[in-house]
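J.: Structure file start_37.cif, mmCIF, C-alpha atoms, is pasted below:
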```cif
data_coords
#
loop_
_atom_site.label_atom_id
_atom_site.label_comp_id
_atom_site.auth_asym_id
_atom_site.auth_seq_id
_atom_site.Cartn_x
_atom_site.Cartn_y
_atom_site.Cartn_z
CA MET D 1 79.47 -129.96 101.09
CA VAL D 2 76.59 -128.83 103.36
CA SER D 3 74.03 -131.46 104.43
CA PHE D 4 70.44 -130.40 104.97
CA LEU D 5 70.05 -132.85 107.82
CA SER D 6 73.02 -131.32 109.61
CA THR D 7 71.14 -128.03 109.89
CA LEU D 8 67.97 -129.35 111.52
CA PRO D 9 69.18 -129.62 115.13
CA ALA D 10 70.41 -126.06 115.05
CA PHE D 11 66.98 -124.67 114.14
CA LEU D 12 64.12 -126.84 115.43
CA PRO D 13 63.68 -130.06 117.45
CA LEU D 14 62.77 -133.15 115.54
CA PRO D 15 59.03 -133.94 115.68
CA PRO D 16 57.45 -136.90 117.56
CA GLN D 17 57.51 -140.35 116.02
CA SER D 18 53.74 -140.80 115.43
CA ILE D 19 53.05 -140.40 111.75
CA THR D 20 49.90 -138.72 110.48
CA SER D 21 51.09 -137.37 107.15
CA THR D 22 54.24 -137.66 105.13
CA ILE D 23 56.22 -135.30 102.89
CA THR D 24 58.99 -136.68 100.74
CA ILE D 25 61.91 -134.41 99.80
CA ARG D 26 63.76 -135.77 96.81
CA THR D 27 67.48 -135.28 96.26
CA LEU D 28 68.22 -131.90 94.69
CA SER D 29 71.00 -131.05 92.32
CA CYS D 30 72.36 -127.53 92.98
CA PRO D 31 74.64 -125.82 90.45
CA HIS D 32 76.20 -123.62 93.14
CA PRO D 33 79.86 -124.45 94.02
CA ALA D 34 78.80 -125.16 97.62
CA ALA D 35 76.38 -128.01 96.79
CA ILE D 36 73.48 -128.84 99.11
CA ARG D 37 72.63 -132.52 99.63
CA CYS D 38 68.99 -133.01 100.57
CA GLN D 39 68.37 -136.62 101.58
CA LYS D 40 65.00 -138.37 101.44
CA ILE D 41 63.27 -137.95 104.79
CA GLU D 42 59.80 -138.41 106.21
CA ILE D 43 58.38 -135.75 108.51
CA ASP D 44 55.22 -135.77 110.60
CA PHE D 45 52.66 -132.98 110.72
CA ILE D 46 50.74 -133.28 113.99
CA GLY D 47 49.22 -129.83 114.00
CA GLU D 48 49.92 -126.15 113.61
CA GLU D 49 50.66 -125.62 117.28
CA ASP D 50 52.86 -128.59 118.22
CA GLY D 51 54.06 -130.03 114.95
CA PHE D 52 56.72 -129.28 112.37
CA ARG D 53 55.00 -126.64 110.21
CA ARG D 54 55.61 -126.15 106.49
CA ARG D 55 56.98 -122.63 106.90
CA ASP D 56 59.44 -123.90 109.52
CA PHE D 57 60.53 -126.54 107.08
CA LEU D 58 61.02 -123.93 104.33
CA LYS D 59 62.99 -121.75 106.74
CA CYS D 60 65.43 -124.61 107.22
CA ILE D 61 65.86 -124.97 103.47
CA GLY D 62 66.38 -121.21 103.09
CA ALA D 63 68.89 -121.12 105.90
CA THR D 64 70.79 -124.04 104.41
CA VAL D 65 70.98 -122.37 101.01
CA GLY D 66 72.15 -119.16 102.68
CA MET D 67 74.85 -121.05 104.54
CA GLY D 68 76.06 -122.53 101.27
CA ILE D 69 76.27 -119.12 99.63
CA ILE D 70 78.11 -117.64 102.60
CA SER D 71 80.61 -120.48 102.68
CA SER D 72 81.38 -120.12 98.99
CA SER D 73 81.63 -116.31 99.20
CA GLY D 74 84.54 -116.78 101.59
CA SER D 75 86.71 -117.74 98.65
CA PHE D 76 86.01 -114.39 96.98
CA ALA D 77 86.83 -112.54 100.20
CA GLY D 78 90.05 -114.51 100.42
CA ILE D 79 91.00 -113.49 96.89
CA ALA D 80 90.28 -109.83 97.72
CA ARG D 81 92.44 -109.99 100.85
CA ALA D 82 95.26 -111.61 98.92
CA ALA D 83 95.11 -108.91 96.24
CA ASP D 84 95.17 -106.23 98.93
CA LEU D 85 98.22 -107.80 100.56
CA ILE D 86 100.01 -107.94 97.21
CA GLN D 87 99.31 -104.25 96.58
CA ARG D 88 100.48 -103.30 100.06
CA ARG D 89 103.70 -105.16 99.53
CA GLN D 90 104.25 -103.54 96.13
CA ARG D 91 103.70 -100.05 97.57
CA SER D 92 105.89 -100.77 100.57
CA GLU D 93 108.76 -101.99 98.41
CA PHE D 94 108.47 -99.01 96.08
CA GLN D 95 108.31 -96.61 99.01
CA SER D 96 111.47 -98.15 100.48
CA ASN D 97 113.19 -97.63 97.14
CA VAL D 98 112.05 -93.99 97.09
CA LYS D 99 113.35 -93.37 100.59
CA GLY D 100 116.67 -95.06 99.87
CA THR D 101 117.28 -93.03 96.71
CA LEU D 102 116.34 -89.74 98.40
CA TYR D 103 118.49 -90.53 101.43
CA THR D 104 121.51 -91.10 99.21
CA SER D 105 120.87 -87.93 97.20
CA ILE D 106 120.42 -85.74 100.27
CA LYS D 107 123.36 -87.29 102.11
CA GLY D 108 125.60 -86.21 99.25
CA ASN D 109 124.17 -82.67 99.27
CA PRO D 110 123.50 -81.69 102.90
CA ASP D 111 123.77 -78.00 102.04
CA LEU D 112 120.47 -78.29 100.14
CA ILE D 113 118.48 -79.53 103.14
CA PRO D 114 117.07 -76.08 104.08
CA SER D 115 115.99 -75.49 100.46
CA ILE D 116 114.35 -78.93 100.24
CA LEU D 117 112.35 -78.19 103.39
CA THR D 118 111.23 -74.79 102.09
CA LEU D 119 110.37 -76.37 98.73
CA ALA D 120 108.02 -78.83 100.46
CA LEU D 121 106.52 -76.09 102.62
CA ASN D 122 105.85 -73.74 99.72
CA ASP D 123 104.31 -76.50 97.61
CA ALA D 124 101.90 -77.32 100.45
CA MET D 125 101.10 -73.80 101.67
CA THR D 126 99.30 -72.88 98.44
CA TYR D 127 96.29 -74.69 99.89
CA ASP D 128 93.15 -72.55 100.06
CA LYS D 129 90.41 -73.75 102.42
CA ALA D 130 87.67 -71.71 100.75
CA THR D 131 88.15 -73.20 97.29
CA LYS D 132 89.73 -76.50 98.39
CA SER D 133 92.47 -75.90 95.83
CA GLY D 134 96.25 -75.92 95.91
CA GLY D 135 98.25 -77.81 98.50
CA PRO D 136 101.08 -80.34 98.10
CA ASN D 137 100.31 -81.17 94.49
CA GLY D 138 103.73 -80.77 92.86
CA SER D 139 102.74 -77.55 91.07
CA ILE D 140 105.92 -75.88 92.27
CA ARG D 141 107.79 -77.83 89.58
CA PHE D 142 106.40 -75.50 86.89
CA SER D 143 108.88 -72.78 85.94
CA SER D 144 106.21 -70.07 86.15
CA GLU D 145 105.63 -70.94 89.82
CA MET D 146 109.27 -71.61 90.65
CA SER D 147 110.24 -68.15 89.33
CA ARG D 148 108.07 -66.35 91.89
CA PRO D 149 109.87 -64.30 94.59
CA GLU D 150 108.92 -66.63 97.43
CA ASN D 151 110.66 -69.54 95.67
CA LYS D 152 113.91 -67.75 95.00
CA GLY D 153 116.92 -70.02 95.46
CA LEU D 154 114.95 -73.29 95.38
CA VAL D 155 115.90 -74.35 91.85
CA PRO D 156 118.99 -76.38 92.92
CA ALA D 157 116.83 -78.36 95.36
CA LEU D 158 114.28 -79.12 92.66
CA ASN D 159 117.04 -80.13 90.25
CA LEU D 160 118.41 -82.57 92.81
CA LEU D 161 114.99 -84.15 93.24
CA GLU D 162 114.48 -84.42 89.50
CA GLU D 163 117.72 -86.38 89.22
CA ALA D 164 116.56 -88.66 92.03
CA LYS D 165 113.21 -89.05 90.26
CA LYS D 166 114.91 -90.38 87.13
CA GLU D 167 116.53 -93.16 89.15
CA ILE D 168 113.34 -93.91 91.07
CA ASP D 169 111.22 -94.09 87.91
CA SER D 170 113.72 -96.32 86.14
CA ASN D 171 113.25 -98.96 88.85
CA SER D 172 109.48 -98.62 89.18
CA LYS D 173 107.10 -101.29 87.95
CA GLY D 174 104.02 -99.28 88.91
CA GLY D 175 104.63 -96.06 87.03
CA PRO D 176 106.58 -92.87 87.77
CA ILE D 177 106.44 -91.26 91.18
CA SER D 178 104.43 -88.04 91.28
CA TYR D 179 106.24 -84.80 92.02
CA ALA D 180 103.77 -84.27 94.84
CA ASP D 181 104.94 -87.45 96.58
CA LEU D 182 108.57 -86.89 95.64
CA ILE D 183 108.76 -83.43 97.22
CA GLN D 184 107.06 -84.40 100.49
CA TYR D 185 109.12 -87.57 100.88
CA ALA D 186 112.25 -85.54 100.20
CA ALA D 187 111.25 -83.33 103.14
CA GLN D 188 110.88 -86.45 105.28
CA SER D 189 114.36 -87.64 104.29
CA ALA D 190 115.80 -84.17 104.92
CA LEU D 191 114.27 -84.03 108.39
CA LYS D 192 115.58 -87.48 109.25
CA ALA D 193 119.02 -86.29 108.17
CA THR D 194 118.81 -83.33 110.58
CA PHE D 195 117.64 -85.60 113.40
CA LEU D 196 120.53 -87.99 112.79
CA ALA D 197 123.05 -85.14 112.54
CA SER D 198 121.84 -83.83 115.90
CA ALA D 199 122.30 -87.25 117.51
CA ILE D 200 125.83 -87.50 116.09
CA ARG D 201 126.73 -84.06 117.50
CA LYS D 202 125.51 -85.14 120.93
CA CYS D 203 127.88 -88.10 120.70
CA GLY D 204 130.86 -85.86 120.03
CA GLY D 205 130.81 -86.45 116.29
CA ASN D 206 130.97 -90.23 116.58
CA VAL D 207 128.84 -91.45 113.67
CA GLU D 208 128.41 -94.99 114.98
CA LYS D 209 127.32 -93.88 118.45
CA GLY D 210 125.12 -91.14 117.02
CA SER D 211 123.38 -93.59 114.70
CA LEU D 212 122.83 -95.96 117.62
CA LEU D 213 121.42 -93.11 119.72
CA TYR D 214 119.00 -92.08 116.98
CA THR D 215 117.91 -95.67 116.41
CA ALA D 216 117.31 -96.27 120.11
CA TYR D 217 115.75 -92.94 121.11
CA GLY D 218 114.79 -91.25 117.86
CA SER D 219 111.40 -90.69 116.29
CA ASN D 220 111.42 -93.22 113.44
CA GLY D 221 108.33 -94.89 114.85
CA GLN D 222 106.32 -91.67 114.52
CA TRP D 223 106.23 -91.66 110.71
CA GLY D 224 103.48 -94.26 110.28
CA LEU D 225 100.65 -91.91 109.33
CA PHE D 226 102.90 -89.90 107.02
CA ASP D 227 103.99 -93.07 105.20
CA ARG D 228 100.39 -94.14 104.61
CA GLN D 229 99.70 -90.91 102.70
CA PHE D 230 101.42 -92.24 99.58
CA GLY D 231 99.70 -91.61 96.28
CA ARG D 232 99.30 -87.84 95.84
CA GLN D 233 98.21 -86.62 92.42
CA ASP D 234 100.17 -84.01 90.46
CA SER D 235 98.55 -80.76 89.43
CA GLN D 236 98.66 -80.08 85.71
CA GLU D 237 99.03 -76.32 86.12
CA PRO D 238 100.67 -73.83 88.51
CA ASP D 239 98.78 -72.81 91.63
CA PRO D 240 97.49 -69.21 91.78
CA GLU D 241 99.91 -66.47 92.76
CA GLY D 242 99.80 -64.56 96.03
CA ARG D 243 99.25 -67.51 98.35
CA ILE D 244 102.80 -67.82 99.70
CA PRO D 245 104.59 -65.00 101.57
CA GLN D 246 108.31 -64.35 101.34
CA TRP D 247 109.20 -65.83 104.68
CA ASP D 248 112.32 -63.73 105.19
CA GLN D 249 110.49 -60.46 104.55
CA VAL D 250 107.18 -60.74 106.40
CA SER D 251 106.31 -60.08 110.02
CA VAL D 252 105.53 -62.77 112.55
CA GLY D 253 101.93 -61.57 112.51
CA GLU D 254 101.70 -62.26 108.77
CA MET D 255 103.21 -65.71 109.28
CA LYS D 256 100.62 -66.46 111.97
CA ASP D 257 97.83 -65.33 109.67
CA LYS D 258 99.05 -67.60 106.90
CA PHE D 259 99.30 -70.61 109.20
CA LYS D 260 95.87 -69.85 110.64
CA ALA D 261 94.40 -69.75 107.13
CA ILE D 262 95.26 -73.43 106.64
CA GLY D 263 94.22 -74.53 110.12
CA LEU D 264 97.52 -74.25 112.03
CA GLY D 265 98.50 -72.07 114.97
CA PRO D 266 101.48 -70.55 116.84
CA ARG D 267 102.62 -73.98 118.04
CA GLN D 268 102.94 -75.32 114.49
CA LEU D 269 104.59 -72.09 113.31
CA ALA D 270 107.21 -72.45 116.04
CA VAL D 271 108.02 -76.09 115.30
CA MET D 272 108.25 -75.39 111.55
CA SER D 273 110.98 -72.78 112.02
CA VAL D 274 113.49 -75.04 110.26
CA PHE D 275 111.32 -74.84 107.10
CA LEU D 276 111.23 -71.04 107.01
CA GLY D 277 114.78 -70.31 105.92
CA PRO D 278 118.40 -71.45 105.92
CA ASP D 279 119.16 -70.03 109.39
CA GLN D 280 116.90 -71.68 111.95
CA LYS D 281 118.45 -69.75 114.85
CA ALA D 282 117.75 -66.39 113.22
CA THR D 283 114.20 -67.43 112.38
CA GLU D 284 113.54 -68.52 115.95
CA THR D 285 114.94 -65.25 117.29
CA LEU D 286 112.37 -63.42 115.17
CA LEU D 287 109.53 -65.73 116.17
CA ALA D 288 110.42 -65.50 119.87
CA ALA D 289 109.54 -61.80 119.84
CA ASP D 290 105.86 -62.74 119.48
CA PRO D 291 104.12 -63.55 122.80
CA ASP D 292 101.98 -66.28 121.22
CA VAL D 293 104.87 -68.07 119.56
CA SER D 294 107.61 -67.48 122.15
CA PRO D 295 106.54 -70.19 124.67
CA TRP D 296 106.61 -72.80 121.94
CA ILE D 297 109.99 -71.67 120.64
CA GLN D 298 111.41 -72.06 124.15
CA LYS D 299 109.77 -75.48 124.56
CA TYR D 300 111.32 -76.81 121.34
CA GLN D 301 114.73 -75.31 122.07
CA ARG D 302 114.76 -77.11 125.43
CA SER D 303 113.62 -80.30 123.75
CA ARG D 304 116.48 -80.18 121.23
CA GLU D 305 118.94 -80.08 124.13
CA THR D 306 117.71 -83.43 125.47
CA VAL D 307 119.05 -86.79 124.35
CA SER D 308 115.95 -87.79 122.41
CA GLN D 309 114.49 -84.31 121.62
CA THR D 310 111.15 -86.12 121.61
CA ASP D 311 108.75 -83.17 121.90
CA TYR D 312 110.41 -81.35 119.02
CA GLU D 313 110.64 -84.30 116.66
CA VAL D 314 107.16 -85.66 117.33
CA ASP D 315 105.46 -82.28 116.91
CA LEU D 316 107.46 -81.56 113.77
CA ILE D 317 106.52 -84.91 112.22
CA THR D 318 102.86 -84.39 113.16
CA THR D 319 102.77 -80.92 111.59
CA LEU D 320 104.51 -82.03 108.40
CA THR D 321 102.10 -84.95 108.10
CA LYS D 322 99.14 -82.58 108.22
CA LEU D 323 100.70 -80.14 105.77
CA SER D 324 101.70 -82.86 103.35
CA CYS D 325 98.15 -83.97 102.60
CA LEU D 326 96.19 -80.70 102.65
CA GLY D 327 93.43 -80.94 100.05
CA GLN D 328 94.79 -84.16 98.56
CA ASP D 329 92.84 -87.26 97.58
CA ILE D 330 95.32 -90.04 98.20
CA ASN D 331 95.24 -92.89 95.70
CA TYR D 332 95.98 -95.92 97.85
CA GLU D 333 96.42 -98.11 94.78
CA ALA D 334 99.10 -95.88 93.26
CA TYR D 335 102.34 -97.59 92.19
CA THR D 336 100.77 -101.07 92.15
CA PHE D 337 100.89 -103.32 89.10
CA PRO D 338 99.42 -106.63 87.88
CA VAL D 339 101.30 -109.72 88.96
CA GLN D 340 102.39 -111.91 86.07
CA LYS D 341 100.72 -115.30 86.17
CA VAL D 342 102.91 -118.37 85.92
CA ASP D 343 101.74 -121.26 83.75
CA PHE D 344 103.13 -124.23 85.66
CA ARG D 345 102.31 -126.51 82.74
CA LYS D 346 105.09 -124.87 80.73
CA LEU D 347 107.70 -125.21 83.44
CA LYS D 348 110.39 -127.79 82.80
CA LEU D 349 111.13 -129.57 86.04
#
```
Would you write the structure of this file as structure tokens?
T.:
Amino acid sequence: MVSFLSTLPAFLPLPPQSITSTITIRTLSCPHPAAIRCQKIEIDFIGEEDGFRRRDFLKCIGATVGMGIISSSGSFAGIARAADLIQRRQRSEFQSNVKGTLYTSIKGNPDLIPSILTLALNDAMTYDKATKSGGPNGSIRFSSEMSRPENKGLVPALNLLEEAKKEIDSNSKGGPISYADLIQYAAQSALKATFLASAIRKCGGNVEKGSLLYTAYGSNGQWGLFDRQFGRQDSQEPDPEGRIPQWDQVSVGEMKDKFKAIGLGPRQLAVMSVFLGPDQKATETLLAADPDVSPWIQKYQRSRETVSQTDYEVDLITTLTKLSCLGQDINYEAYTFPVQKVDFRKLKL
């Protein structure tokens, strides 16, 4: 409840006590939830210069009404914040389920990791800056696109993800996961698997020590921006042909041109070597022959020899994050659902 009298000191000083004229303000009844109580008062008007003028008086009333509206609007803002928190929690829980299912699927099929990475790359690299079309939109799932030469050998990886999708969708309350999200999050899980495997090798094959090393020094904390890009929309048709090269048959110059066309350079080409084919060492040998790419190849090879391989992992995560949302309008309300209301009157206590 907001009292009119309580607002007076904050705006104007009370007038002198000598009375020359009197205005009576009767009690008002306001239908607004934040009611305003206007008590009966008597106010002097001594003159325009020194006294309490009518427009000043009306300003106080207007300010009081405004304060009432603002105070009541806080409840609506609170409801909006609560709804936002509920949606965030729903998306977070669903995302955790997606990651867990993909981790289990990939862990049981480590031989498909290179194909999963290339699948994600080829789905994203169809992006065309001029037309703002293509990109990581799940179009690679269509058989007419999957059958293209550049996607040869990727069918088993897609089949694995489709099986994972069935499990994910069966546990979803907010609708099925898009192929666009599924493919990019599979790439994330595949990369994490390679990072963990590297840490285990550095610990002499000891899984427990390797897991501890990766947890303590790994790059898990660098995935924040990638995780927020959750809600990609699926394309309803294949992307145009001719946008993806056959990575094992083109020159380094052609690779550089393709990366440049989507806004990436030699540095990103070097760090993405693991996405370009099943034999990362052979790919890096080819890339190292180019003077623009060679310094970055050497930098990342040195980084992978360190305990944390920080430079390599951070740059790889950053590049994948950029690739994974090229041309996409992320729906930040995707996978949310209405919360069922509980009628406490029907509860038997």
J.: Can you work out which one of D:Thr126, D:Gly138, D:Ile297, D:Leu112 has the shortest atom-to-atom distance to D:Val155, counting all atoms listed in the file?
T.: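 Going through D:Thr126, D:Gly138, D:Ile297, D:Leu112 one by one, the smallest distance to D:Val155 is for D:Leu112.
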J.: Please, what distance in Å, to one decimal, runs between atom CA of D:Gln95 and atom CA of D:Asn122?
T.: 23.0 Å
J.: Would you pick out the contacts of D:Lys165 at 9 Å or less, using all atoms listed in the file, so that residues sharing its chain but fewer than 6 positions from it are not included, and give the list as an NGL selection string?
T.: :D and (98 or 101-102 or 176-179 or 182)
J.: Take the point (115.9, -84.6, 107.8) as written in the file and pick out every residue within 12 Å of it, counting all atoms listed in the file; give the list as number ranges by chain.
T.: D: 99, 102-103, 106-107, 110-117, 184-199, 219-220, 274-275, 313, 316-317, 320
J.: Just checking: using all atoms listed in the file, which residue out of D:Lys281, D:Tyr217, D:Arg243, D:Asp329 ends up closest to D:Glu145?
T.: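 Closest to D:Glu145 of all the choices is D:Arg243.
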J.: For a test of reading the model, state the distance in Å between atom CA of D:Asn206 and atom CA of D:Glu305, rounded to one decimal.
T.: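 Computing it gives 17.5 Å between the two atoms.
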J.: From the options D:Leu213, D:Met146, D:Leu119, D:Met125, which residue's atoms come nearest to D:Leu161, counting all atoms listed in the file?
T.: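 Smallest separation from D:Leu161 among the options: D:Leu119.
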J.: Mind running stretch 277-338 of chain D against stretch 248-269 of chain D at 8 Å and telling me each contacting residue's nearest atom pair with the distance in Å (one decimal), counting all atoms listed in the file, chain and number ascending, as JSON lines?
T.:
```
{"residue": "D:Gly277", "atom": "CA", "partner": "D:Asp248", "partner_atom": "CA", "distance": 7.1}
{"residue": "D:Leu286", "atom": "CA", "partner": "D:Val252", "partner_atom": "CA", "distance": 7.4}
{"residue": "D:Leu287", "atom": "CA", "partner": "D:Val252", "partner_atom": "CA", "distance": 6.2}
{"residue": "D:Asp290", "atom": "CA", "partner": "D:Val252", "partner_atom": "CA", "distance": 6.9}
{"residue": "D:Asp292", "atom": "CA", "partner": "D:Pro266", "partner_atom": "CA", "distance": 6.1}
{"residue": "D:Val293", "atom": "CA", "partner": "D:Pro266", "partner_atom": "CA", "distance": 5.0}
{"residue": "D:Trp296", "atom": "CA", "partner": "D:Arg267", "partner_atom": "CA", "distance": 5.7}
{"residue": "D:Asp315", "atom": "CA", "partner": "D:Gln268", "partner_atom": "CA", "distance": 7.8}
{"residue": "D:Leu316", "atom": "CA", "partner": "D:Gln268", "partner_atom": "CA", "distance": 7.7}
{"residue": "D:Thr319", "atom": "CA", "partner": "D:Gln268", "partner_atom": "CA", "distance": 6.3}
```
J.: Generate the output file for the selected residues, C-alpha atoms, as a PDB file, in the coordinates of the input.
T.:
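To be explicit, this is the file written out as out.pdb:
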```
ATOM      1  CA  GLY D 277     114.780 -70.310 105.920  1.00  0.00           C
ATOM      2  CA  LEU D 286     112.370 -63.420 115.170  1.00  0.00           C
ATOM      3  CA  LEU D 287     109.530 -65.730 116.170  1.00  0.00           C
ATOM      4  CA  ASP D 290     105.860 -62.740 119.480  1.00  0.00           C
ATOM      5  CA  ASP D 292     101.980 -66.280 121.220  1.00  0.00           C
ATOM      6  CA  VAL D 293     104.870 -68.070 119.560  1.00  0.00           C
ATOM      7  CA  TRP D 296     106.610 -72.800 121.940  1.00  0.00           C
ATOM      8  CA  ASP D 315     105.460 -82.280 116.910  1.00  0.00           C
ATOM      9  CA  LEU D 316     107.460 -81.560 113.770  1.00  0.00           C
ATOM     10  CA  THR D 319     102.770 -80.920 111.590  1.00  0.00           C
TER      11      THR D 319
END
```
J.: Mind pulling up the distance from atom CA of D:Asp311 to atom CA of D:Ala270?
T.: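 Pair atom CA of D:Ala270 / atom CA of D:Asp311 returns 12.3 Å.
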J.: Written as a PyMOL selection string, which residues does the PyMOL selection byres ((chain D and resi 226-238) around 9) give for the file shown?
T.: chain D and resi 91+95+134+136-145+177-181+185+188+222-225+239-241+317-318+320-322+324-325+328-335
J.: Give, as lines of an AutoDock Vina configuration file, the centre coordinates and the x, y and z edge lengths in Å to one decimal for an axis-aligned box around all listed atoms of stretch 147-151 of chain D, padded by 3 Å on each side.
T.:
```
center_x = 109.4
center_y = -66.9
center_z = 93.4
size_x = 8.6
size_y = 11.2
size_z = 14.1
```
J.: Which one is closest to D:Asp128: D:Pro278, D:Gly242, D:Gly174, D:Pro291? Count all atoms listed in the file.
T.: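 Closest candidate: D:Gly242.
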J.: Please return as number ranges by chain every residue within 6 Å of (102.4, -76.8, 103.6), taking into account only C-alpha atoms and the file's own coordinates.
T.: D: 121, 124-125, 323
J.: Using only C-alpha atoms, which residue out of D:Gly327, D:Gly210, D:Asn97, D:Lys152 lies closest to D:Asp169?
T.: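 When distances to D:Asp169 are compared using only C-alpha atoms, the smallest one comes from D:Asn97.
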J.: Between D:Ala83, D:Ile183, D:Ile168, D:Ala120, single out the one closest to D:Leu276, counting only C-alpha atoms.
T.: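 Looking at the shortest contact to D:Leu276, the residue is D:Ala120.
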J.: Please complete stretch 292-308 of chain D with N, CA and C atoms and give it back as a compact mmCIF listing (two decimals), in the coordinates of the input.
T.:
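Heads up, here's the output in selection-v2.txt:
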```
# COMPACT_ATOMS: atom_id res chain seq x y z
N ASP D 292 102.70 -65.03 121.46
CA ASP D 292 101.98 -66.28 121.22
C ASP D 292 102.91 -67.42 120.80
N VAL D 293 103.96 -67.06 120.11
CA VAL D 293 104.87 -68.07 119.56
C VAL D 293 106.02 -68.37 120.52
N SER D 294 106.43 -67.37 121.29
CA SER D 294 107.61 -67.48 122.15
C SER D 294 107.61 -68.71 123.07
N PRO D 295 106.51 -69.01 123.78
CA PRO D 295 106.54 -70.19 124.67
C PRO D 295 106.85 -71.48 123.93
N TRP D 296 106.37 -71.59 122.71
CA TRP D 296 106.61 -72.80 121.94
C TRP D 296 108.04 -72.86 121.42
N ILE D 297 108.60 -71.72 121.06
CA ILE D 297 109.99 -71.67 120.64
C ILE D 297 110.88 -72.15 121.79
N GLN D 298 110.61 -71.65 122.99
CA GLN D 298 111.41 -72.06 124.15
C GLN D 298 111.24 -73.54 124.44
N LYS D 299 110.03 -74.05 124.31
CA LYS D 299 109.77 -75.48 124.56
C LYS D 299 110.60 -76.34 123.61
N TYR D 300 110.62 -75.99 122.32
CA TYR D 300 111.32 -76.81 121.34
C TYR D 300 112.84 -76.63 121.44
N GLN D 301 113.30 -75.49 121.85
CA GLN D 301 114.73 -75.31 122.07
C GLN D 301 115.20 -76.17 123.24
N ARG D 302 114.42 -76.24 124.30
CA ARG D 302 114.76 -77.11 125.43
C ARG D 302 114.73 -78.57 125.00
N SER D 303 113.74 -78.92 124.20
CA SER D 303 113.62 -80.30 123.75
C SER D 303 114.83 -80.72 122.92
N ARG D 304 115.33 -79.84 122.08
CA ARG D 304 116.48 -80.18 121.23
C ARG D 304 117.76 -80.36 122.03
N GLU D 305 117.77 -79.90 123.27
CA GLU D 305 118.94 -80.08 124.13
C GLU D 305 118.93 -81.42 124.85
N THR D 306 117.79 -82.13 124.83
CA THR D 306 117.71 -83.43 125.47
C THR D 306 118.29 -84.51 124.56
N VAL D 307 118.47 -85.69 125.13
CA VAL D 307 119.05 -86.79 124.35
C VAL D 307 118.15 -87.18 123.18
N SER D 308 116.86 -87.30 123.45
CA SER D 308 115.95 -87.79 122.41
C SER D 308 115.23 -86.69 121.64
```
